[in-house]
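Content type compact mmCIF, C-alpha atoms, from the file entry17.txt:
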# COMPACT_ATOMS: atom_id res chain seq x y z
CA MET A 1 -52.69 36.42 -13.52
CA SER A 2 -55.58 34.80 -11.60
CA PRO A 3 -55.30 31.30 -10.06
CA ALA A 4 -57.64 29.99 -12.77
CA ASP A 5 -55.52 31.49 -15.54
CA ARG A 6 -52.36 29.98 -14.04
CA LEU A 7 -54.02 26.56 -13.94
CA LYS A 8 -55.18 26.89 -17.54
CA ASP A 9 -51.68 27.86 -18.61
CA GLN A 10 -50.24 24.80 -16.87
CA ILE A 11 -52.79 22.46 -18.45
CA ILE A 12 -52.07 23.90 -21.90
CA LYS A 13 -48.33 23.34 -21.40
CA GLU A 14 -48.34 20.02 -19.53
CA GLY A 15 -51.71 18.38 -20.20
CA PRO A 16 -54.58 17.51 -17.83
CA LEU A 17 -53.92 17.68 -14.09
CA PRO A 18 -54.75 14.83 -11.71
CA LEU A 19 -57.77 15.89 -9.66
CA ASP A 20 -55.93 15.85 -6.33
CA LEU A 21 -53.14 18.07 -7.69
CA PHE A 22 -55.69 20.49 -9.15
CA LEU A 23 -57.50 20.73 -5.78
CA ASP A 24 -54.25 21.19 -3.86
CA MET A 25 -53.24 24.04 -6.12
CA VAL A 26 -56.66 25.68 -5.87
CA MET A 27 -57.36 25.23 -2.16
CA ASN A 28 -54.25 24.48 -0.13
CA ALA A 29 -51.15 25.92 -1.78
CA ALA A 30 -49.31 28.21 0.63
CA ASN A 31 -49.50 31.12 -1.79
CA ASP A 32 -52.12 32.23 -4.33
CA SER A 33 -54.82 29.73 -3.34
CA TYR A 34 -58.33 30.12 -1.98
CA TYR A 35 -57.33 30.60 1.67
CA SER A 36 -53.94 32.23 1.16
CA ASN A 37 -54.80 35.92 1.03
CA ALA A 38 -58.40 36.61 2.09
CA ASP A 39 -60.96 36.06 4.84
CA ARG A 40 -63.46 33.50 3.53
CA PHE A 41 -65.54 33.06 6.68
CA GLY A 42 -68.76 34.55 8.04
CA GLU A 43 -71.61 36.55 6.58
CA GLN A 44 -69.28 38.60 4.39
CA GLY A 45 -67.41 35.53 3.15
CA ASP A 46 -68.45 32.35 1.37
CA PHE A 47 -69.64 30.14 4.23
CA ILE A 48 -70.36 30.12 7.96
CA THR A 49 -68.87 27.56 10.32
CA ALA A 50 -70.43 26.42 13.60
CA PRO A 51 -68.17 28.58 15.84
CA GLU A 52 -69.35 31.71 14.02
CA ILE A 53 -72.98 30.86 14.71
CA SER A 54 -72.56 30.87 18.47
CA GLN A 55 -70.00 30.68 21.26
CA LEU A 56 -72.00 27.69 22.51
CA PHE A 57 -70.26 25.39 20.03
CA GLY A 58 -66.78 26.23 21.30
CA GLU A 59 -67.85 26.04 24.92
CA ILE A 60 -69.20 22.51 24.51
CA LEU A 61 -66.06 21.36 22.69
CA ALA A 62 -63.91 22.95 25.40
CA ALA A 63 -65.83 21.07 28.10
CA PHE A 64 -65.33 17.80 26.23
CA GLN A 65 -61.59 18.44 25.96
CA ALA A 66 -61.43 19.28 29.66
CA TRP A 67 -63.00 15.88 30.34
CA LEU A 68 -60.39 14.25 28.08
CA TRP A 69 -57.71 16.05 30.07
CA GLU A 70 -59.07 14.62 33.31
CA VAL A 71 -59.20 11.03 32.05
CA SER A 72 -55.68 11.49 30.65
CA GLY A 73 -54.24 12.05 34.10
CA ASN A 74 -54.50 15.85 34.51
CA PRO A 75 -51.16 16.72 32.85
CA ASP A 76 -49.60 20.07 33.74
CA ALA A 77 -49.65 22.88 31.20
CA ASP A 78 -46.03 22.30 30.16
CA GLU A 79 -46.66 18.57 29.75
CA MET A 80 -49.31 18.76 27.02
CA MET A 81 -50.24 20.56 23.82
CA ILE A 82 -53.40 22.20 22.54
CA PHE A 83 -53.81 21.60 18.80
CA GLU A 84 -56.14 22.85 16.09
CA ALA A 85 -56.07 21.83 12.45
CA GLY A 86 -57.40 24.50 10.12
CA PRO A 87 -58.09 27.17 12.78
CA GLY A 88 -59.24 29.81 10.29
CA ARG A 89 -59.16 33.19 11.98
CA GLY A 90 -59.28 31.63 15.47
CA THR A 91 -62.97 31.95 16.35
CA LEU A 92 -63.30 28.42 17.71
CA PHE A 93 -60.03 28.48 19.62
CA GLY A 94 -60.90 31.86 21.12
CA ASP A 95 -64.17 30.50 22.51
CA MET A 96 -62.52 27.33 23.78
CA HIS A 97 -59.65 29.23 25.42
CA ARG A 98 -62.06 31.58 27.18
CA SER A 99 -63.94 28.57 28.58
CA TRP A 100 -60.74 26.85 29.69
CA ARG A 101 -59.75 29.90 31.71
CA GLN A 102 -62.85 29.20 33.80
CA ILE A 103 -63.06 25.40 33.88
CA CYS A 104 -59.50 24.15 33.24
CA PRO A 105 -56.74 26.75 33.72
CA GLN A 106 -54.07 24.17 32.89
CA MET A 107 -55.41 23.84 29.35
CA ALA A 108 -55.65 27.62 29.01
CA ALA A 109 -51.96 27.89 29.94
CA ALA A 110 -50.72 25.10 27.66
CA PRO A 111 -48.78 25.80 24.45
CA VAL A 112 -50.85 25.85 21.28
CA THR A 113 -50.03 24.47 17.83
CA PHE A 114 -52.06 25.67 14.85
CA LEU A 115 -51.84 23.60 11.67
CA GLU A 116 -52.26 26.37 9.10
CA THR A 117 -50.52 27.04 5.77
CA SER A 118 -52.26 30.25 4.65
CA PRO A 119 -49.95 33.28 5.07
CA TYR A 120 -52.97 35.52 5.54
CA LEU A 121 -54.55 33.37 8.26
CA ARG A 122 -51.19 32.85 9.97
CA SER A 123 -50.83 36.60 10.33
CA VAL A 124 -54.37 36.85 11.74
CA LEU A 125 -53.71 34.12 14.30
CA THR A 126 -50.33 35.52 15.33
CA SER A 127 -51.85 38.94 15.93
CA ARG A 128 -54.99 37.71 17.66
CA PHE A 129 -53.21 35.38 20.11
CA SER A 130 -49.97 37.31 20.56
CA GLY A 131 -50.06 36.88 24.32
CA LEU A 132 -50.14 33.07 24.18
CA ASP A 133 -47.48 30.43 23.57
CA VAL A 134 -48.48 29.77 19.94
CA TYR A 135 -46.68 27.73 17.29
CA LEU A 136 -47.58 27.61 13.61
CA ALA A 137 -47.07 24.33 11.76
CA ASP A 138 -47.26 23.38 8.09
CA THR A 139 -47.59 19.65 8.77
CA THR A 140 -48.15 17.20 11.63
CA ASP A 141 -44.70 15.67 11.16
CA SER A 142 -42.92 17.23 14.14
CA LEU A 143 -45.43 17.69 16.95
CA PRO A 144 -44.01 17.79 20.51
CA GLU A 145 -43.92 14.39 22.19
CA VAL A 146 -46.63 15.15 24.77
CA PRO A 147 -50.38 14.43 25.07
CA LEU A 148 -52.30 16.28 22.38
CA PHE A 149 -55.75 17.78 22.95
CA GLY A 150 -57.07 18.99 19.65
CA VAL A 151 -59.88 19.75 17.26
CA ALA A 152 -60.27 19.70 13.49
CA ASN A 153 -63.42 21.59 12.54
CA GLU A 154 -64.18 21.61 8.80
CA PHE A 155 -60.58 20.69 8.10
CA PHE A 156 -60.63 17.27 6.44
CA ASP A 157 -63.35 18.28 3.96
CA ALA A 158 -60.96 20.83 2.41
CA LEU A 159 -58.09 18.40 1.83
CA SER A 160 -57.63 17.07 -1.68
CA ILE A 161 -59.24 13.90 -2.98
CA ARG A 162 -58.72 11.50 -5.83
CA GLN A 163 -61.61 10.11 -7.83
CA ALA A 164 -61.74 6.93 -9.90
CA ILE A 165 -64.49 6.55 -12.48
CA LYS A 166 -65.67 3.27 -13.97
CA ARG A 167 -65.55 2.97 -17.74
CA ASP A 168 -66.51 0.00 -19.89
CA GLN A 169 -62.85 -0.99 -20.12
CA GLY A 170 -62.18 -0.60 -16.37
CA TRP A 171 -61.39 1.99 -13.71
CA VAL A 172 -59.51 5.20 -14.60
CA TRP A 173 -58.35 8.13 -12.51
CA ARG A 174 -60.19 11.42 -12.99
CA SER A 175 -58.23 14.43 -14.21
CA VAL A 176 -59.01 18.06 -15.00
CA GLY A 177 -58.54 19.36 -18.53
CA LEU A 178 -59.81 22.15 -20.77
CA ASP A 179 -62.59 22.32 -23.34
CA ALA A 180 -63.01 25.66 -25.12
CA ASP A 181 -61.11 27.38 -22.31
CA GLN A 182 -63.37 25.84 -19.63
CA PHE A 183 -62.25 23.40 -16.96
CA VAL A 184 -63.77 19.94 -17.41
CA PHE A 185 -63.33 16.46 -16.01
CA CYS A 186 -61.48 14.09 -18.28
CA ASP A 187 -60.15 10.54 -18.02
CA GLY A 188 -56.63 10.08 -16.74
CA PRO A 189 -54.49 6.95 -16.50
CA ALA A 190 -56.08 3.55 -15.90
CA LEU A 191 -55.74 2.18 -12.40
CA HIS A 192 -53.12 -0.51 -12.01
CA PRO A 193 -54.60 -3.88 -10.97
CA ASP A 194 -52.88 -3.48 -7.61
CA GLU A 195 -54.67 -0.14 -7.12
CA VAL A 196 -58.00 -1.72 -8.01
CA ARG A 197 -57.42 -4.42 -5.38
CA GLN A 198 -56.11 -1.94 -2.81
CA HIS A 199 -59.22 0.21 -3.08
CA LYS A 200 -61.57 -2.80 -3.38
CA LEU A 201 -63.12 -1.61 -6.64
CA ALA A 202 -65.40 -4.18 -8.24
CA ALA A 203 -65.04 -5.01 -11.92
CA ASP A 204 -68.81 -5.31 -12.34
CA THR A 205 -69.54 -1.81 -11.01
CA PRO A 206 -71.81 0.07 -13.46
CA ALA A 207 -70.05 2.35 -15.94
CA GLY A 208 -70.03 5.98 -14.79
CA SER A 209 -69.79 5.11 -11.08
CA VAL A 210 -67.35 7.23 -9.08
CA ALA A 211 -65.25 6.25 -6.05
CA GLU A 212 -63.50 8.83 -3.88
CA PHE A 213 -60.29 8.56 -1.89
CA SER A 214 -58.37 11.11 0.13
CA PRO A 215 -54.74 10.07 0.60
CA ALA A 216 -54.07 13.52 2.05
CA SER A 217 -56.70 13.02 4.77
CA GLU A 218 -55.50 9.51 5.54
CA ALA A 219 -51.90 10.69 5.85
CA VAL A 220 -52.86 13.39 8.38
CA MET A 221 -55.06 10.97 10.31
CA ALA A 222 -52.31 8.35 10.43
CA ARG A 223 -49.83 10.81 11.94
CA LEU A 224 -52.32 12.13 14.49
CA ALA A 225 -53.41 8.61 15.43
CA ARG A 226 -49.81 7.50 15.86
CA HIS A 227 -49.20 10.48 18.15
CA VAL A 228 -52.34 9.94 20.25
CA ALA A 229 -51.66 6.19 20.53
CA ARG A 230 -48.17 6.87 21.83
CA PHE A 231 -48.57 10.00 23.95
CA GLY A 232 -52.30 10.23 24.76
CA GLY A 233 -54.93 12.92 24.51
CA GLY A 234 -57.56 13.11 21.79
CA VAL A 235 -58.74 15.02 18.73
CA LEU A 236 -62.33 15.98 17.97
CA ILE A 237 -63.20 15.89 14.27
CA CYS A 238 -66.23 17.91 13.17
CA ASP A 239 -67.15 17.79 9.49
CA TYR A 240 -69.50 16.86 6.68
CA GLY A 241 -69.45 13.08 6.51
CA LYS A 242 -70.41 9.90 4.72
CA ALA A 243 -70.23 6.19 5.43
CA ASP A 244 -68.01 5.02 2.57
CA ARG A 245 -65.93 6.04 -0.43
CA GLN A 246 -68.54 5.68 -3.15
CA ASP A 247 -70.04 8.49 -5.21
CA ASP A 248 -68.95 11.99 -6.21
CA SER A 249 -69.28 14.42 -3.30
CA LEU A 250 -67.29 17.39 -4.62
CA GLN A 251 -69.15 20.64 -4.08
CA ALA A 252 -68.41 24.36 -4.25
CA VAL A 253 -69.92 27.47 -2.67
CA ARG A 254 -69.34 31.17 -3.15
CA ALA A 255 -71.11 33.95 -1.26
CA HIS A 256 -73.20 31.27 0.54
CA LYS A 257 -74.58 29.83 -2.71
CA VAL A 258 -73.83 26.51 -4.37
CA VAL A 259 -71.88 27.00 -7.61
CA PRO A 260 -70.41 24.55 -10.14
CA VAL A 261 -67.14 23.02 -8.95
CA PHE A 262 -65.17 24.57 -11.82
CA ASP A 263 -66.79 28.00 -11.57
CA ARG A 264 -63.91 30.44 -10.91
CA PRO A 265 -61.60 28.02 -9.05
CA GLY A 266 -59.53 29.82 -6.46
CA LEU A 267 -62.46 32.11 -5.67
CA SER A 268 -64.90 29.42 -4.45
CA ASP A 269 -64.76 27.03 -1.53
CA ILE A 270 -64.42 23.49 -2.88
CA SER A 271 -65.00 20.68 -0.41
CA HIS A 272 -66.12 17.05 -0.18
CA LEU A 273 -67.81 14.71 2.27
CA VAL A 274 -65.35 13.17 4.71
CA ASP A 275 -65.06 9.39 4.63
CA PHE A 276 -65.07 8.61 8.36
CA SER A 277 -64.78 4.88 7.75
CA ALA A 278 -61.45 5.39 5.98
CA LEU A 279 -60.22 7.62 8.81
CA ALA A 280 -61.25 4.97 11.35
CA CYS A 281 -59.21 2.34 9.50
CA CYS A 282 -56.19 4.65 9.56
CA ALA A 283 -56.56 5.18 13.30
CA GLU A 284 -56.80 1.46 13.97
CA THR A 285 -53.66 0.66 11.98
CA GLN A 286 -51.75 3.14 14.19
CA GLY A 287 -52.98 1.70 17.48
CA ALA A 288 -55.66 4.32 18.18
CA ARG A 289 -59.40 4.35 17.60
CA LEU A 290 -61.87 6.76 16.06
CA VAL A 291 -65.16 6.78 17.97
CA GLY A 292 -68.13 7.86 15.87
CA PRO A 293 -69.20 9.68 13.96
CA VAL A 294 -72.45 10.82 15.50
CA GLU A 295 -74.68 13.65 14.35
CA GLN A 296 -73.53 17.03 15.61
CA GLY A 297 -76.91 17.78 17.15
CA SER A 298 -76.89 14.56 19.14
CA PHE A 299 -73.37 15.23 20.43
CA LEU A 300 -74.08 18.83 21.47
CA ARG A 301 -77.36 18.01 23.16
CA GLU A 302 -75.92 15.11 25.13
CA LEU A 303 -73.15 17.38 26.41
CA GLY A 304 -75.62 20.01 27.60
CA ILE A 305 -75.77 22.76 24.99
CA GLU A 306 -79.43 23.47 25.74
CA LYS A 307 -78.73 23.86 29.46
CA ARG A 308 -75.83 26.18 28.67
CA ALA A 309 -78.05 28.26 26.39
CA GLU A 310 -80.61 28.63 29.18
CA ALA A 311 -77.88 29.90 31.50
CA LEU A 312 -77.02 32.62 28.98
CA ARG A 313 -80.59 33.85 28.53
CA ARG A 314 -81.60 37.20 30.02
CA LYS A 315 -85.19 38.26 30.61
CA ASP A 316 -84.33 41.87 29.88
CA ASN A 317 -82.82 41.06 26.50
CA PRO A 318 -85.37 39.32 24.22
CA LYS A 319 -83.21 39.98 21.16
CA ARG A 320 -80.39 37.96 22.75
CA ASP A 321 -82.84 35.17 23.61
CA ARG A 322 -84.07 34.98 20.04
CA ALA A 323 -80.47 34.83 18.80
CA LEU A 324 -79.73 31.96 21.18
CA SER A 325 -82.79 30.06 20.02
CA ALA A 326 -81.84 30.58 16.39
CA ALA A 327 -78.27 29.43 17.09
CA LEU A 328 -79.49 26.26 18.80
CA ASP A 329 -81.75 25.54 15.86
CA ARG A 330 -78.94 25.91 13.31
CA LEU A 331 -76.41 23.94 15.34
CA CYS A 332 -78.62 21.08 16.50
CA THR A 333 -81.67 20.37 14.35
CA PRO A 334 -81.37 17.53 11.82
CA GLN A 335 -82.48 19.67 8.89
CA HIS A 336 -79.64 22.13 9.54
CA MET A 337 -76.09 21.54 10.80
CA GLY A 338 -77.26 19.14 13.50
CA GLY A 339 -77.79 16.35 10.97
CA LEU A 340 -75.52 17.41 8.14
CA PHE A 341 -72.38 17.63 10.26
CA LYS A 342 -70.85 14.69 12.09
CA ILE A 343 -68.52 14.50 15.09
CA ALA A 344 -65.97 11.81 15.89
CA VAL A 345 -63.13 11.65 18.38
CA LEU A 346 -59.67 10.16 17.95
CA ILE A 347 -58.46 8.62 21.23
CA PRO A 348 -56.09 5.85 22.35
CA SER A 349 -57.33 2.30 21.86
CA GLY A 350 -59.65 0.94 24.52
CA GLU A 351 -63.28 0.19 25.29
CA GLY A 352 -66.38 2.18 26.06
CA LEU A 353 -68.02 5.26 24.62
CA PRO A 354 -67.07 8.81 25.65
CA ALA A 355 -69.72 11.32 26.67
CA GLY A 356 -71.53 12.66 23.62
CA PHE A 357 -71.51 9.36 21.76
CA SER A 358 -74.27 7.36 23.47
CA SER A 359 -76.33 7.43 20.26
CA LEU A 360 -73.85 4.88 18.87
CA ARG A 361 -75.01 2.41 21.52
CA GLU A 362 -78.64 3.16 20.81
CA ARG A 363 -78.09 2.67 17.09
CA SER A 364 -76.33 -0.66 17.63
CA LEU A 365 -79.40 -1.95 19.50
CA GLN A 366 -81.79 -1.15 16.65
CA PRO A 367 -82.89 -3.92 14.27
CA LYS A 368 -80.71 -3.99 11.16
CA GLU A 369 -83.55 -3.13 8.79
CA LYS A 370 -84.30 0.03 10.82
CA ARG A 371 -80.64 1.09 10.84
CA ASP A 372 -80.40 0.56 7.09
CA GLY A 373 -83.63 2.42 6.48
Spit out the file's structure as C-alpha cells when you get a sec.
Amino acid sequence: MSPADRLKDQIIKEGPLPLDLFLDMVMNAANDSYYSNADRFGEQGDFITAPEISQLFGEILAAFQAWLWEVSGNPDADEMMIFEAGPGRGTLFGDMHRSWRQICPQMAAAPVTFLETSPYLRSVLTSRFSGLDVYLADTTDSLPEVPLFGVANEFFDALSIRQAIKRDQGWVWRSVGLDADQFVFCDGPALHPDEVRQHKLAADTPAGSVAEFSPASEAVMARLARHVARFGGGVLICDYGKADRQDDSLQAVRAHKVVPVFDRPGLSDISHLVDFSALACCAETQGARLVGPVEQGSFLRELGIEKRAEALRRKDNPKRDRALSAALDRLCTPQHMGGLFKIAVLIPSGEGLPAGFSSLRERSLQPKEKRDG
C-alpha cells in the first residue's frame, strides 16, 4: 500500500487529519515517508540544494564556522561538537569537513552529530563517514553539553506547519480530508480564543486569509537556542524565508517541477517558507539571538565566494571555468538562489554583526519607504 493509500484509509476511518499531522506522516515519519527510503536529491531526484551546485557553498560555510570557533575561544576537538540538521546524503558536510582539514584541523577532528530520522539516509551517512566520530540523533533533546558549531540547510522548510484560515464566523484550523478519493483542504476545529490571542490573529482579517505557524520549527529552534546560549557556538540556517506568518506558502515539487501540494503525497517534496521572525523570537526567549536573515548571495559574496572561485579557475580547463561561473550565478544572483534563499545565524546574545551580515546595517540606514518598497 502506498503512503497516499495509507493516508486515505486513515482519513476514511478516523476523519480529516490536522494539516501538521498529515505533513509529518508524509514527509518526516521514520518509515514509509518521502525521505525514508530513497535519494531525493540532485539531477536524478526532485530538487537540487546549494551544496550540490558547487563545493564553493560548503567551503564558505566552513570558513564562517571556523571564524565562529575562533571567537568562541578555540575549543579543542574533544571539547566541542559539529552538528548538522537534515544532512541529506552528506554533500554539504563532506565539503565543509574537507575545508576544515586545511583551515581548522580541530573542527575536522571533532565529533559530529547528524539530526536525521530517515533510515535510508542514516545508512548513507554511516557508510560515507565511517572513519569519523559520527552520532545519529532523532531529536535535539540530548546533545552533548559542549559548544555546538552547526548548520541547518533546507531543514526548517521541511518541518510540518499548521495553518489557520479566516471564515466569516472566525478562525479555524485547516485539515486534510477527501473528496471523491482526492485529498482536499477542509475546515477543522475553531481556534480557541486563547489561541487567537496567542497567535495575534485579528478578528477583522478578510475571510479566506491564511496564517501559518510551525510549532515543530519553533520547538527545534528553542532547544538549539537554549544550548547555544548555555554552551556557546553557533548554527547557520540556510532556507527559503519570509518576514512573517501570513499567507499560504505550502509548495510541492517532483522531478524539478512544481506540482499541486496533494499530487501523490509521499512521492513529492512538500515544503514551506520559513518564518525567520518566529525563529528569532524563540531564540530571544532562550537567551540567544538570531542574526539575519540576509540574502544568500549577499552573505556568500561578503565572505569571498567570488575570490575563492577565481582561485579554482584553470586556464587549461575552460569547461571547468564555465561550470564555476554557472555555479556562482545560481548561488548568488537575486533571480536565482541568491535572492530566494536566506541565511541567518544563531549565536549567544550580544552586540554587533558577524561577517556576512553587513547588509543588515546597510538596510537599517535606508529610509523606511525604500525598505518597505
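Distance annotation: of A:Ser214, A:Ser349, A:Gln102, A:Thr139, the residue with the minimal separation from A:Arg289 is A:Ser349; atom set is all atoms listed in the file.
Proximity ranking of A:Ser127, A:Gln65, A:Gln163, A:Gln198 relative to A:Gly150 places A:Gln65 first, based on only C-alpha atoms.
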List every residue of stretch 247-364 of chain A that has an atom at most 12 Å from any atom of stretch 176-192 of chain A, and for each one report the closest atom pair and its distance in Å to one decimal, counting all atoms listed in the file, with rows sorted by chain and then by increasing residue number, as CSV.
residue,atom,partner,partner_atom,distance
A:Pro260,CA,A:Phe183,CA,10.7
A:Val261,CA,A:Phe183,CA,9.4
A:Phe262,CA,A:Phe183,CA,6.0
A:Asp263,CA,A:Phe183,CA,8.4
A:Arg264,CA,A:Phe183,CA,9.4
A:Pro265,CA,A:Phe183,CA,9.2
_Let me make sure I understand: among A:Asp141, A:Asp20, A:Asp321, A:Glu306, which one has the smallest atom-to-atom distance to A:His272 if we use only C-alpha atoms?_
A:Asp20
*Give me the residues within 8 Å of A:Ser271 as a PyMOL selection string, counting only C-alpha atoms and dropping any in the same chain fewer than 5 places off.*
chain A and resi 157-159+250-252
Listed atoms of stretch 279-296 of chain A boxed along x, y and z, 6 Å each side, centre and edge lengths in Å, one decimal, as AutoDock Vina command-line options:
--center_x -63.2 --center_y 8.8 --center_z 13.5 --size_x 34.9 --size_y 28.4 --size_z 21.4
Just the residues within 12 Å of stretch 53-55 of chain A, please, counting all atoms listed in the file, with nothing from its chain fewer than 6 positions along; format it as a PDB file with C-alpha atoms, in the coordinates of the input.
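Writing done, so here's around.pdb:
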ATOM      1  CA  PHE A  41     -65.540  33.060   6.680  1.00  0.00           C
ATOM      2  CA  GLY A  42     -68.760  34.550   8.040  1.00  0.00           C
ATOM      3  CA  GLU A  43     -71.610  36.550   6.580  1.00  0.00           C
ATOM      4  CA  PHE A  47     -69.640  30.140   4.230  1.00  0.00           C
ATOM      5  CA  LEU A  61     -66.060  21.360  22.690  1.00  0.00           C
ATOM      6  CA  ALA A  62     -63.910  22.950  25.400  1.00  0.00           C
ATOM      7  CA  THR A  91     -62.970  31.950  16.350  1.00  0.00           C
ATOM      8  CA  LEU A  92     -63.300  28.420  17.710  1.00  0.00           C
ATOM      9  CA  PHE A  93     -60.030  28.480  19.620  1.00  0.00           C
ATOM     10  CA  GLY A  94     -60.900  31.860  21.120  1.00  0.00           C
ATOM     11  CA  ASP A  95     -64.170  30.500  22.510  1.00  0.00           C
ATOM     12  CA  MET A  96     -62.520  27.330  23.780  1.00  0.00           C
ATOM     13  CA  HIS A  97     -59.650  29.230  25.420  1.00  0.00           C
ATOM     14  CA  ARG A  98     -62.060  31.580  27.180  1.00  0.00           C
ATOM     15  CA  SER A  99     -63.940  28.570  28.580  1.00  0.00           C
ATOM     16  CA  ILE A 305     -75.770  22.760  24.990  1.00  0.00           C
ATOM     17  CA  ARG A 308     -75.830  26.180  28.670  1.00  0.00           C
ATOM     18  CA  ALA A 309     -78.050  28.260  26.390  1.00  0.00           C
ATOM     19  CA  LEU A 312     -77.020  32.620  28.980  1.00  0.00           C
ATOM     20  CA  ARG A 320     -80.390  37.960  22.750  1.00  0.00           C
ATOM     21  CA  ALA A 323     -80.470  34.830  18.800  1.00  0.00           C
ATOM     22  CA  LEU A 324     -79.730  31.960  21.180  1.00  0.00           C
ATOM     23  CA  SER A 325     -82.790  30.060  20.020  1.00  0.00           C
ATOM     24  CA  ALA A 326     -81.840  30.580  16.390  1.00  0.00           C
ATOM     25  CA  ALA A 327     -78.270  29.430  17.090  1.00  0.00           C
ATOM     26  CA  LEU A 328     -79.490  26.260  18.800  1.00  0.00           C
ATOM     27  CA  ASP A 329     -81.750  25.540  15.860  1.00  0.00           C
ATOM     28  CA  ARG A 330     -78.940  25.910  13.310  1.00  0.00           C
ATOM     29  CA  LEU A 331     -76.410  23.940  15.340  1.00  0.00           C
ATOM     30  CA  CYS A 332     -78.620  21.080  16.500  1.00  0.00           C
ATOM     31  CA  MET A 337     -76.090  21.540  10.800  1.00  0.00           C
TER      32      MET A 337
END
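Ranking A:Leu236, A:Val26, A:Ile165, A:Arg223 by their shortest atom-to-atom distance to A:Leu201, with all atoms listed in the file included, puts A:Ile165 first.
Distances to A:Asp248 were evaluated for A:Ala164, A:Pro318, A:Val228, A:Ser268 using only C-alpha atoms, and the minimum falls at A:Ala164.
Between A:Ile343 and the residues A:Asn317, A:Ser130, A:Thr49, A:Gln296, the shortest atom-to-atom distance, using only C-alpha atoms, involves A:Gln296.
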Incomplete stretch 61-74 of chain A brought to N, CA, C and O atoms, written out as an mmCIF file, in the frame of the given file:
data_model
loop_
_atom_site.group_PDB
_atom_site.id
_atom_site.type_symbol
_atom_site.label_atom_id
_atom_site.label_comp_id
_atom_site.auth_asym_id
_atom_site.auth_seq_id
_atom_site.Cartn_x
_atom_site.Cartn_y
_atom_site.Cartn_z
ATOM 1 N N LEU A 61 -67.281 22.073 23.070
ATOM 2 C CA LEU A 61 -66.060 21.360 22.690
ATOM 3 C C LEU A 61 -64.976 21.540 23.744
ATOM 4 O O LEU A 61 -64.212 20.610 24.035
ATOM 5 N N ALA A 62 -64.897 22.721 24.343
ATOM 6 C CA ALA A 62 -63.910 22.950 25.400
ATOM 7 C C ALA A 62 -64.202 22.066 26.616
ATOM 8 O O ALA A 62 -63.281 21.515 27.233
ATOM 9 N N ALA A 63 -65.471 21.925 26.960
ATOM 10 C CA ALA A 63 -65.830 21.070 28.100
ATOM 11 C C ALA A 63 -65.471 19.615 27.818
ATOM 12 O O ALA A 63 -65.000 18.898 28.706
ATOM 13 N N PHE A 64 -65.699 19.173 26.579
ATOM 14 C CA PHE A 64 -65.330 17.800 26.230
ATOM 15 C C PHE A 64 -63.816 17.604 26.354
ATOM 16 O O PHE A 64 -63.348 16.594 26.896
ATOM 17 N N GLN A 65 -63.039 18.568 25.870
ATOM 18 C CA GLN A 65 -61.590 18.440 25.960
ATOM 19 C C GLN A 65 -61.115 18.479 27.411
ATOM 20 O O GLN A 65 -60.150 17.803 27.774
ATOM 21 N N ALA A 66 -61.785 19.258 28.241
ATOM 22 C CA ALA A 66 -61.430 19.280 29.660
ATOM 23 C C ALA A 66 -61.681 17.915 30.297
ATOM 24 O O ALA A 66 -60.911 17.467 31.161
ATOM 25 N N TRP A 67 -62.754 17.241 29.865
ATOM 26 C CA TRP A 67 -63.000 15.880 30.340
ATOM 27 C C TRP A 67 -61.898 14.931 29.862
ATOM 28 O O TRP A 67 -61.400 14.094 30.636
ATOM 29 N N LEU A 68 -61.496 15.072 28.600
ATOM 30 C CA LEU A 68 -60.390 14.250 28.080
ATOM 31 C C LEU A 68 -59.127 14.481 28.896
ATOM 32 O O LEU A 68 -58.360 13.543 29.167
ATOM 33 N N TRP A 69 -58.889 15.722 29.264
ATOM 34 C CA TRP A 69 -57.710 16.050 30.070
ATOM 35 C C TRP A 69 -57.762 15.337 31.413
ATOM 36 O O TRP A 69 -56.749 14.790 31.877
ATOM 37 N N GLU A 70 -58.927 15.295 32.024
ATOM 38 C CA GLU A 70 -59.070 14.620 33.310
ATOM 39 C C GLU A 70 -58.793 13.130 33.187
ATOM 40 O O GLU A 70 -58.056 12.553 33.996
ATOM 41 N N VAL A 71 -59.384 12.471 32.180
ATOM 42 C CA VAL A 71 -59.200 11.030 32.050
ATOM 43 C C VAL A 71 -57.803 10.694 31.536
ATOM 44 O O VAL A 71 -57.397 9.527 31.569
ATOM 45 N N SER A 72 -57.061 11.698 31.093
ATOM 46 C CA SER A 72 -55.680 11.490 30.650
ATOM 47 C C SER A 72 -54.675 11.714 31.761
ATOM 48 O O SER A 72 -53.463 11.712 31.517
ATOM 49 N N GLY A 73 -55.159 11.938 32.970
ATOM 50 C CA GLY A 73 -54.240 12.050 34.100
ATOM 51 C C GLY A 73 -53.924 13.455 34.531
ATOM 52 O O GLY A 73 -52.949 13.678 35.256
ATOM 53 N N ASN A 74 -54.697 14.450 34.102
ATOM 54 C CA ASN A 74 -54.500 15.850 34.510
ATOM 55 C C ASN A 74 -53.071 16.347 34.289
ATOM 56 O O ASN A 74 -52.419 16.837 35.217
#
